[in-house]
file protein_20.pdb (PDB, C-alpha atoms and all ligand atoms)
ATOM      1  CA  MET A  19      -2.891  26.800  13.446
ATOM      2  CA  GLU A  20      -3.812  23.122  13.475
ATOM      3  CA  PRO A  21      -1.011  20.816  12.314
ATOM      4  CA  ILE A  22      -1.268  18.693   9.183
ATOM      5  CA  THR A  23      -1.597  15.088  10.316
ATOM      6  CA  ILE A  24       0.457  12.674   8.242
ATOM      7  CA  ALA A  25      -0.147   8.913   8.460
ATOM      8  CA  LEU A  26       3.145   7.074   8.074
ATOM      9  CA  ALA A  27       2.986   3.383   7.216
ATOM     10  CA  LYS A  28       5.375   1.284   9.255
ATOM     11  CA  GLY A  29       7.380  -1.143   7.141
ATOM     12  CA  ARG A  30       8.665  -1.231   3.601
ATOM     13  CA  LEU A  31       7.457   2.258   2.538
ATOM     14  CA  ALA A  32       8.551   4.089   5.701
ATOM     15  CA  ASP A  33      12.127   5.106   4.850
ATOM     16  CA  LYS A  34      11.323   6.323   1.333
ATOM     17  CA  THR A  35       8.327   8.262   2.608
ATOM     18  CA  ILE A  36      10.411  10.053   5.241
ATOM     19  CA  GLU A  37      13.128  10.757   2.657
ATOM     20  CA  LEU A  38      10.550  12.257   0.286
ATOM     21  CA  LEU A  39       8.892  14.396   2.970
ATOM     22  CA  SER A  40      12.307  15.673   4.098
ATOM     23  CA  MET A  41      13.077  16.693   0.496
ATOM     24  CA  CYS A  42       9.826  18.687   0.545
ATOM     25  CA  GLY A  43      10.711  20.807   3.548
ATOM     26  CA  VAL A  44       8.935  18.709   6.183
ATOM     27  CA  ASP A  45      11.106  18.512   9.296
ATOM     28  CA  CYS A  46      11.321  14.756   9.820
ATOM     29  CA  SER A  47      14.181  14.829  12.335
ATOM     30  CA  PRO A  48      11.967  13.604  15.234
ATOM     31  CA  LEU A  49      11.231  10.493  13.148
ATOM     32  CA  LYS A  50      14.872   9.476  13.036
ATOM     33  CA  VAL A  51      15.152   8.883  16.784
ATOM     34  CA  PRO A  52      14.051   5.371  17.840
ATOM     35  CA  THR A  53      10.897   5.532  19.956
ATOM     36  CA  ARG A  54       7.784   3.524  20.708
ATOM     37  CA  LYS A  55       5.623   6.637  20.583
ATOM     38  CA  LEU A  56       2.931   6.466  17.936
ATOM     39  CA  VAL A  57       2.385  10.237  17.667
ATOM     40  CA  LEU A  58       5.197  12.716  17.061
ATOM     41  CA  TYR A  59       5.404  16.394  16.098
ATOM     42  CA  ASP A  60       8.014  18.452  14.273
ATOM     43  CA  ALA A  61       9.667  21.260  16.274
ATOM     44  CA  ASP A  62       7.252  23.942  14.937
ATOM     45  CA  LYS A  63       4.189  21.722  15.436
ATOM     46  CA  LYS A  64       3.308  22.265  11.794
ATOM     47  CA  TYR A  65       3.118  18.513  11.292
ATOM     48  CA  LYS A  66       1.774  15.704  13.420
ATOM     49  CA  PHE A  67       3.002  12.248  12.437
ATOM     50  CA  ILE A  68       1.121   9.105  13.317
ATOM     51  CA  PHE A  69       2.544   5.619  12.806
ATOM     52  CA  VAL A  70       0.051   3.084  11.539
ATOM     53  CA  LYS A  71       0.008  -0.395  10.042
ATOM     54  CA  PRO A  72       0.291  -0.046   6.243
ATOM     55  CA  GLY A  73      -3.104  -1.639   5.652
ATOM     56  CA  ASP A  74      -4.760   0.869   7.994
ATOM     57  CA  VAL A  75      -3.546   4.050   6.246
ATOM     58  CA  PRO A  76      -6.725   4.343   4.082
ATOM     59  CA  THR A  77      -8.944   3.948   7.164
ATOM     60  CA  TYR A  78      -7.215   6.770   9.051
ATOM     61  CA  ILE A  79      -7.404   8.980   5.965
ATOM     62  CA  GLU A  80     -11.033   8.233   5.122
ATOM     63  CA  ARG A  81     -12.189   8.959   8.671
ATOM     64  CA  GLY A  82     -10.149  12.147   8.926
ATOM     65  CA  ALA A  83      -7.872  10.913  11.730
ATOM     66  CA  ALA A  84      -5.065  11.830   9.313
ATOM     67  CA  ASP A  85      -5.088  14.481   6.583
ATOM     68  CA  LEU A  86      -2.701  12.760   4.243
ATOM     69  CA  GLY A  87      -0.547   9.692   4.017
ATOM     70  CA  VAL A  88       1.331   7.274   1.838
ATOM     71  CA  ALA A  89      -0.018   3.830   1.006
ATOM     72  CA  GLY A  90       0.762   1.144  -1.533
ATOM     73  CA  LYS A  91      -1.667   0.810  -4.426
ATOM     74  CA  ASP A  92      -2.236  -2.781  -3.215
ATOM     75  CA  THR A  93      -3.592  -1.445   0.072
ATOM     76  CA  LEU A  94      -5.760   1.114  -1.713
ATOM     77  CA  LEU A  95      -7.258  -1.430  -4.107
ATOM     78  CA  GLU A  96      -7.892  -3.849  -1.283
ATOM     79  CA  SER A  97      -9.515  -1.345   1.081
ATOM     80  CA  ASP A  98     -11.513   0.561  -1.572
ATOM     81  CA  ARG A  99     -11.902   3.640   0.656
ATOM     82  CA  ASP A 100     -13.447   6.977  -0.218
ATOM     83  CA  ILE A 101     -10.238   9.035  -0.308
ATOM     84  CA  TYR A 102      -8.323  11.060  -2.888
ATOM     85  CA  GLU A 103      -5.297   9.434  -4.491
ATOM     86  CA  VAL A 104      -3.384  12.533  -5.547
ATOM     87  CA  ALA A 105      -0.001  11.290  -6.769
ATOM     88  CA  ASP A 106       1.915   8.236  -7.870
ATOM     89  CA  LEU A 107       5.142   8.434  -5.837
ATOM     90  CA  ARG A 108       6.819   5.738  -7.998
ATOM     91  CA  PHE A 109       8.722   4.058  -5.172
ATOM     92  CA  GLY A 110       7.750   0.736  -3.631
ATOM     93  CA  ALA A 111       7.298  -0.729  -7.092
ATOM     94  CA  CYS A 112       6.113  -4.318  -7.264
ATOM     95  CA  ARG A 113       3.466  -6.390  -9.069
ATOM     96  CA  MET A 114       0.241  -7.994  -7.888
ATOM     97  CA  CYS A 115       0.391 -11.509  -9.279
ATOM     98  CA  VAL A 116      -1.144 -14.934  -9.323
ATOM     99  CA  ALA A 117       1.642 -17.379  -8.478
ATOM    100  CA  GLY A 118       1.959 -21.084  -7.974
ATOM    101  CA  TYR A 119       3.805 -24.154  -9.185
ATOM    102  CA  PRO A 120       4.543 -24.012 -12.962
ATOM    103  CA  GLN A 121       2.182 -26.976 -13.607
ATOM    104  CA  GLN A 122      -0.724 -24.910 -12.204
ATOM    105  CA  ARG A 123      -0.752 -23.037 -15.528
ATOM    106  CA  ASP A 124      -2.981 -25.781 -16.939
ATOM    107  CA  VAL A 125      -5.604 -25.678 -14.202
ATOM    108  CA  ILE A 126      -5.837 -21.964 -13.590
ATOM    109  CA  THR A 127      -9.269 -21.646 -15.201
ATOM    110  CA  ASN A 128     -10.692 -24.533 -13.184
ATOM    111  CA  SER A 129     -13.632 -23.590 -11.029
ATOM    112  CA  ASN A 130     -13.163 -23.808  -7.298
ATOM    113  CA  LEU A 131      -9.526 -22.918  -7.659
ATOM    114  CA  ARG A 132      -8.204 -22.464  -4.112
ATOM    115  CA  VAL A 133      -6.521 -19.068  -3.795
ATOM    116  CA  ALA A 134      -4.536 -18.103  -0.688
ATOM    117  CA  THR A 135      -4.078 -14.358  -0.249
ATOM    118  CA  LYS A 136      -3.870 -11.356   2.023
ATOM    119  CA  TYR A 137      -5.820  -9.525  -0.700
ATOM    120  CA  GLU A 138      -9.293 -11.071  -0.674
ATOM    121  CA  HIS A 139     -10.992  -8.165  -2.420
ATOM    122  CA  ILE A 140      -8.403  -7.887  -5.211
ATOM    123  CA  ALA A 141      -8.360 -11.658  -5.770
ATOM    124  CA  LYS A 142     -12.147 -11.935  -5.815
ATOM    125  CA  GLY A 143     -12.466  -9.011  -8.246
ATOM    126  CA  TYR A 144      -9.818 -10.458 -10.531
ATOM    127  CA  TYR A 145     -11.490 -13.858 -10.830
ATOM    128  CA  ASP A 146     -15.042 -12.428 -10.890
ATOM    129  CA  ARG A 147     -14.111 -10.384 -13.956
ATOM    130  CA  GLN A 148     -13.149 -13.630 -15.693
ATOM    131  CA  GLY A 149     -16.195 -15.548 -14.489
ATOM    132  CA  ILE A 150     -14.041 -18.031 -12.591
ATOM    133  CA  SER A 151     -15.420 -19.139  -9.246
ATOM    134  CA  VAL A 152     -12.739 -19.439  -6.617
ATOM    135  CA  ASP A 153     -12.358 -20.478  -3.017
ATOM    136  CA  ILE A 154     -10.487 -17.608  -1.389
ATOM    137  CA  ILE A 155      -8.424 -18.497   1.669
ATOM    138  CA  LYS A 156      -7.526 -15.377   3.639
ATOM    139  CA  LEU A 157      -4.051 -15.401   5.182
ATOM    140  CA  ASN A 158      -2.168 -12.668   7.025
ATOM    141  CA  GLY A 159       1.328 -13.347   5.691
ATOM    142  CA  SER A 160       3.772 -15.981   4.438
ATOM    143  CA  VAL A 161       1.219 -16.585   1.695
ATOM    144  CA  GLU A 162       3.718 -18.546  -0.407
ATOM    145  CA  LEU A 163       3.239 -21.429   2.008
ATOM    146  CA  GLY A 164      -0.249 -22.019   0.570
ATOM    147  CA  PRO A 165       0.713 -24.126  -2.455
ATOM    148  CA  VAL A 166       3.788 -25.572  -0.714
ATOM    149  CA  VAL A 167       1.752 -27.247   2.037
ATOM    150  CA  GLY A 168      -1.263 -27.975  -0.162
ATOM    151  CA  LEU A 169      -3.510 -25.387   1.462
ATOM    152  CA  SER A 170      -4.176 -23.695  -1.890
ATOM    153  CA  ASP A 171      -3.606 -24.188  -5.627
ATOM    154  CA  VAL A 172      -2.300 -20.675  -6.223
ATOM    155  CA  ILE A 173      -1.682 -17.425  -4.362
ATOM    156  CA  VAL A 174      -2.481 -13.804  -5.142
ATOM    157  CA  ASP A 175       0.262 -11.668  -3.672
ATOM    158  CA  ILE A 176       2.735  -8.905  -4.334
ATOM    159  CA  VAL A 177       6.004  -9.838  -6.005
ATOM    160  CA  GLU A 178       8.902  -7.439  -5.642
ATOM    161  CA  SER A 179      12.253  -9.117  -6.316
ATOM    162  CA  GLY A 180      10.677 -12.548  -6.911
ATOM    163  CA  LYS A 181      13.066 -14.098  -4.391
ATOM    164  CA  THR A 182      10.382 -15.428  -2.033
ATOM    165  CA  LEU A 183       8.641 -17.205  -4.921
ATOM    166  CA  GLU A 184      11.912 -18.597  -6.219
ATOM    167  CA  ALA A 185      13.026 -19.827  -2.807
ATOM    168  CA  ASN A 186       9.783 -21.786  -2.529
ATOM    169  CA  GLY A 187       9.754 -23.227  -6.058
ATOM    170  CA  LEU A 188       6.889 -21.015  -7.238
ATOM    171  CA  VAL A 189       6.552 -18.855 -10.356
ATOM    172  CA  VAL A 190       4.412 -15.946 -11.510
ATOM    173  CA  LEU A 191       1.488 -17.375 -13.481
ATOM    174  CA  GLU A 192      -0.416 -14.153 -14.231
ATOM    175  CA  GLU A 193       0.138 -10.471 -13.569
ATOM    176  CA  ILE A 194      -2.870  -8.619 -12.183
ATOM    177  CA  CYS A 195      -1.477  -5.066 -11.979
ATOM    178  CA  GLU A 196       1.520  -2.935 -11.165
ATOM    179  CA  ILE A 197       1.827  -1.422  -7.706
ATOM    180  CA  THR A 198       3.577   1.700  -6.450
ATOM    181  CA  ALA A 199       3.257   3.957  -3.411
ATOM    182  CA  ARG A 200       0.566   6.645  -3.673
ATOM    183  CA  LEU A 201      -0.051   9.913  -1.856
ATOM    184  CA  VAL A 202      -3.565   9.909  -0.431
ATOM    185  CA  VAL A 203      -5.581  12.730   1.119
ATOM    186  CA  ASN A 204      -8.768  13.047   3.151
ATOM    187  CA  LYS A 205     -11.475  14.695   1.039
ATOM    188  CA  VAL A 206     -12.644  17.173   3.690
ATOM    189  CA  SER A 207      -9.085  18.070   4.761
ATOM    190  CA  LEU A 208      -8.216  19.054   1.214
ATOM    191  CA  LYS A 209     -11.056  21.583   1.290
ATOM    192  CA  ILE A 210     -10.680  23.010   4.771
ATOM    193  CA  LYS A 211      -6.882  22.935   4.972
ATOM    194  CA  TYR A 212      -6.386  23.662   1.266
ATOM    195  CA  LYS A 213      -3.941  26.534   1.852
ATOM    196  CA  GLU A 214      -1.640  24.298   3.893
ATOM    197  CA  ILE A 215      -2.088  20.955   2.155
ATOM    198  CA  LYS A 216      -2.100  21.959  -1.533
ATOM    199  CA  PRO A 217       1.434  23.491  -1.474
ATOM    200  CA  LEU A 218       2.736  20.346   0.255
ATOM    201  CA  ILE A 219       1.146  18.126  -2.412
ATOM    202  CA  ASP A 220       2.689  20.351  -5.102
ATOM    203  CA  ARG A 221       6.137  20.069  -3.507
ATOM    204  CA  ILE A 222       5.816  16.293  -3.270
ATOM    205  CA  VAL A 223       4.713  15.987  -6.910
ATOM    206  CA  ALA A 224       7.616  18.236  -8.007
ATOM    207  CA  ALA A 225      10.116  16.196  -5.954
ATOM    208  CA  VAL A 226       8.882  12.975  -7.566
ATOM    209  CA  GLU A 227       9.216  14.546 -11.019
ATOM    210  CA  ASP A 228      12.779  15.655 -10.189
ATOM    211  CA  THR A 229      13.825  12.151  -9.217
ATOM    212  CA  LYS A 230      12.580  10.632 -12.511
TER
HETATM  213  C1  LIG B 301       5.723  -9.593   0.819
HETATM  214  C2  LIG B 301       4.881 -10.456  -0.093
HETATM  215  C3  LIG B 301       5.816 -11.576  -0.459
HETATM  216  C4  LIG B 301       7.175 -10.883  -0.498
HETATM  217  C5  LIG B 301       7.546 -10.542  -1.910
HETATM  218  O1  LIG B 301       5.667 -10.112   2.091
HETATM  219  O2  LIG B 301       3.697 -10.888   0.568
HETATM  220  O3  LIG B 301       5.792 -12.582   0.507
HETATM  221  O4  LIG B 301       7.041  -9.677   0.267
HETATM  222  O5  LIG B 301       8.814  -9.952  -1.977
HETATM  223  P1  LIG B 301       9.959 -10.517  -2.944
HETATM  224  O6  LIG B 301       9.338 -10.726  -4.303
HETATM  225  O7  LIG B 301      10.991  -9.424  -2.949
HETATM  226  O8  LIG B 301      10.479 -11.792  -2.361
HETATM  227  P2  LIG B 301       6.142  -9.295   3.348
HETATM  228  O9  LIG B 301       7.621  -9.142   3.349
HETATM  229  O10 LIG B 301       5.387  -8.018   3.399
HETATM  230  O11 LIG B 301       5.762 -10.258   4.545
HETATM  231  P3  LIG B 301       4.526 -11.185   4.843
HETATM  232  O12 LIG B 301       4.803 -12.501   4.183
HETATM  233  O13 LIG B 301       4.478 -11.301   6.319
HETATM  234  O14 LIG B 301       3.293 -10.527   4.300
END
call {"tool": "encode", "arguments": {"input": "protein_20.pdb", "output": "structure tokens"}}
result
Amino acid sequence: MEPITIALAKGRLADKTIELLSMCGVDCSPLKVPTRKLVLYDADKKYKFIFVKPGDVPTYIERGAADLGVAGKDTLLESDRDIYEVADLRFGACRMCVAGYPQQRDVITNSNLRVATKYEHIAKGYYDRQGISVDIIKLNGSVELGPVVGLSDVIVDIVESGKTLEANGLVVLEEICEITARLVVNKVSLKIKYKEIKPLIDRIVAAVEDTK
């Protein structure tokens, strides 16, 4: 029987994802040994694990290179892929926010507001809905630097503890939405591997309910 391919996002969601899968009877022991391999199997070859950049999880799922995976809602909103989001896993909680210096509150509705962000699509959608034209400046990280060095007026970014904002003298100006980790599934896989995948989804949903 073909294994179920699980896309694991490297980074902040990785440990919680592995913990959750282990609780659901998935043998994750091979994942606990340090390695540079990007593809691993459990002992029974029931599961194939692939390690991908968090932002790429929806791409692997949409194209069927993975059957299921875990991605942050931020990644899902930004990538807008044609995949099933089957469960809110509740961990990885943070907020998508507009942030900047406190005095930016007064100019936030100005047109041509310069917005630095990793999340171009989310930022554009947010300001489009309000009819505010913005100049989006795409960055790949350390977005908080934008206002600090005068590259941008505000940022659109995720805020978890708020410590990065605080350390750089910035504050949340507006909240766009709440973010948590989500279980996502390839649409075709759910049909053709239904007998294998559906029970796993059910176990994951039950485990999340139990940890409420
Ligand atoms: C994220 C985000 C913020 C920070 C928020 O960055 O982009 O910079 O975490 O967390 P906090 O509210 O707990 O301080 P990440 O750590 O993913 O690194 P990056 O700057 O390279 O994107």
call {"tool": "residues_near_ligand", "arguments": {"input": "protein_20.pdb", "ligand": "ligand LIG 301 (chain B)", "cutoff": "9 Å", "atoms": "all atoms listed in the file", "output": "PyMOL selection string"}}
result
chain A and resi 29-30+112-113+135-136+157-162+174-185
call {"tool": "closest_atom_pairs", "arguments": {"input": "protein_20.pdb", "of": "range 82-121 of chain A", "to": "range 36-58 of chain A", "cutoff": "12 Å", "atoms": "all atoms listed in the file", "output": "CSV"}}
result
residue,atom,partner,partner_atom,distance
A:Ala83,CA,A:Val57,CA,11.9
A:Ala84,CA,A:Val57,CA,11.3
A:Leu86,CA,A:Leu39,CA,11.8
A:Gly87,CA,A:Leu39,CA,10.6
A:Val88,CA,A:Ile36,CA,10.1
A:Leu107,CA,A:Leu38,CA,9.0
A:Arg108,CA,A:Leu38,CA,11.2
A:Phe109,CA,A:Leu38,CA,10.0
call {"tool": "atom_distance", "arguments": {"input": "protein_20.pdb", "atom1": "CA of Tyr137 in chain A", "atom2": "CA of Gly82 in chain A"}}
result
24.1 Å
call {"tool": "closest_residue", "arguments": {"input": "protein_20.pdb", "among": "A:Val133, A:Asp146, A:Lys211, A:Val202", "to": "Gly168 in chain A", "atoms": "only C-alpha atoms"}}
result
A:Val133
call {"tool": "residues_around", "arguments": {"input": "protein_20.pdb", "residues": "Ile140 in chain A", "least_positions_apart": "5", "cutoff": "9 Å", "atoms": "only C-alpha atoms", "output": "number ranges by chain"}}
result
A: 92, 95-96, 145, 174, 194
call {"tool": "resolve_selection", "arguments": {"input": "protein_20.pdb", "expression": "the PyMOL selection byres (((chain A and resi 169) around 12) and not hetatm)", "output": "list in words"}}
result
Gly118, Leu131, Arg132, Val133, Ala134, Thr135, Asp153, Ile154, Ile155, Lys156, Leu157, Val161, Glu162, Leu163, Gly164, Pro165, Val166, Val167, Gly168, Ser170, Asp171, Val172 and Ile173 of chain A
call {"tool": "write_last_selection", "arguments": {"input": "protein_20.pdb", "atoms": "C-alpha atoms", "output": "PDB file, keeping the file's coordinate frame"}}
result
ATOM      1  CA  GLY A 118       1.959 -21.084  -7.974  1.00  0.00           C
ATOM      2  CA  LEU A 131      -9.526 -22.918  -7.659  1.00  0.00           C
ATOM      3  CA  ARG A 132      -8.204 -22.464  -4.112  1.00  0.00           C
ATOM      4  CA  VAL A 133      -6.521 -19.068  -3.795  1.00  0.00           C
ATOM      5  CA  ALA A 134      -4.536 -18.103  -0.688  1.00  0.00           C
ATOM      6  CA  THR A 135      -4.078 -14.358  -0.249  1.00  0.00           C
ATOM      7  CA  ASP A 153     -12.358 -20.478  -3.017  1.00  0.00           C
ATOM      8  CA  ILE A 154     -10.487 -17.608  -1.389  1.00  0.00           C
ATOM      9  CA  ILE A 155      -8.424 -18.497   1.669  1.00  0.00           C
ATOM     10  CA  LYS A 156      -7.526 -15.377   3.639  1.00  0.00           C
ATOM     11  CA  LEU A 157      -4.051 -15.401   5.182  1.00  0.00           C
ATOM     12  CA  VAL A 161       1.219 -16.585   1.695  1.00  0.00           C
ATOM     13  CA  GLU A 162       3.718 -18.546  -0.407  1.00  0.00           C
ATOM     14  CA  LEU A 163       3.239 -21.429   2.008  1.00  0.00           C
ATOM     15  CA  GLY A 164      -0.249 -22.019   0.570  1.00  0.00           C
ATOM     16  CA  PRO A 165       0.713 -24.126  -2.455  1.00  0.00           C
ATOM     17  CA  VAL A 166       3.788 -25.572  -0.714  1.00  0.00           C
ATOM     18  CA  VAL A 167       1.752 -27.247   2.037  1.00  0.00           C
ATOM     19  CA  GLY A 168      -1.263 -27.975  -0.162  1.00  0.00           C
ATOM     20  CA  SER A 170      -4.176 -23.695  -1.890  1.00  0.00           C
ATOM     21  CA  ASP A 171      -3.606 -24.188  -5.627  1.00  0.00           C
ATOM     22  CA  VAL A 172      -2.300 -20.675  -6.223  1.00  0.00           C
ATOM     23  CA  ILE A 173      -1.682 -17.425  -4.362  1.00  0.00           C
TER      24      ILE A 173
END
call {"tool": "residues_near_point", "arguments": {"input": "protein_20.pdb", "point": "(3.9, 5.7, -3.3)", "cutoff": "12 Å", "atoms": "all atoms listed in the file", "output": "ChimeraX atom specification"}}
result
/A:26-27,30-36,38-39,72,87-94,103-112,196-202,222-223,226
call {"tool": "axis_aligned_box", "arguments": {"input": "protein_20.pdb", "around": "range 100-113 of chain A", "padding_each_side": "8 Å", "output": "AutoDock Vina command-line options"}}
result
--center_x -2.4 --center_y 3.1 --center_z -4.6 --size_x 38.2 --size_y 34.9 --size_z 24.9
call {"tool": "atom_distance", "arguments": {"input": "protein_20.pdb", "atom1": "CA of Gly143 in chain A", "atom2": "CA of Asp98 in chain A"}}
result
11.7 Å
call {"tool": "resolve_selection", "arguments": {"input": "protein_20.pdb", "expression": "the PyMOL selection byres (((chain A and resi 61-64) around 8) and not hetatm)", "output": "PyMOL selection string"}}
result
chain A and resi 19-22+45+59-60+65-66
call {"tool": "closest_residue", "arguments": {"input": "protein_20.pdb", "among": "A:Val152, A:Ile24, A:Ala141, A:Val70", "to": "Asn204 in chain A", "atoms": "all atoms listed in the file"}}
result
A:Ile24
call {"tool": "atom_distance", "arguments": {"input": "protein_20.pdb", "atom1": "CA of Val190 in chain A", "atom2": "CA of Lys71 in chain A"}}
result
26.9 Å
call {"tool": "closest_residue", "arguments": {"input": "protein_20.pdb", "among": "A:Val116, A:Gln121, A:Glu214, A:Tyr78", "to": "Cys195 in chain A", "atoms": "all atoms listed in the file"}}
result
A:Val116
call {"tool": "resolve_selection", "arguments": {"input": "protein_20.pdb", "expression": "the PyMOL selection byres (((chain A and resi 100) around 9) and not hetatm)", "output": "PyMOL selection string"}}
result
chain A and resi 76+79-80+98-99+101-102+204-205
call {"tool": "residues_around", "arguments": {"input": "protein_20.pdb", "residues": "Pro120 in chain A", "least_positions_apart": "6", "cutoff": "8 Å", "atoms": "all atoms listed in the file", "output": "JSON, numbers by chain"}}
result
{"A": [188, 189, 191]}
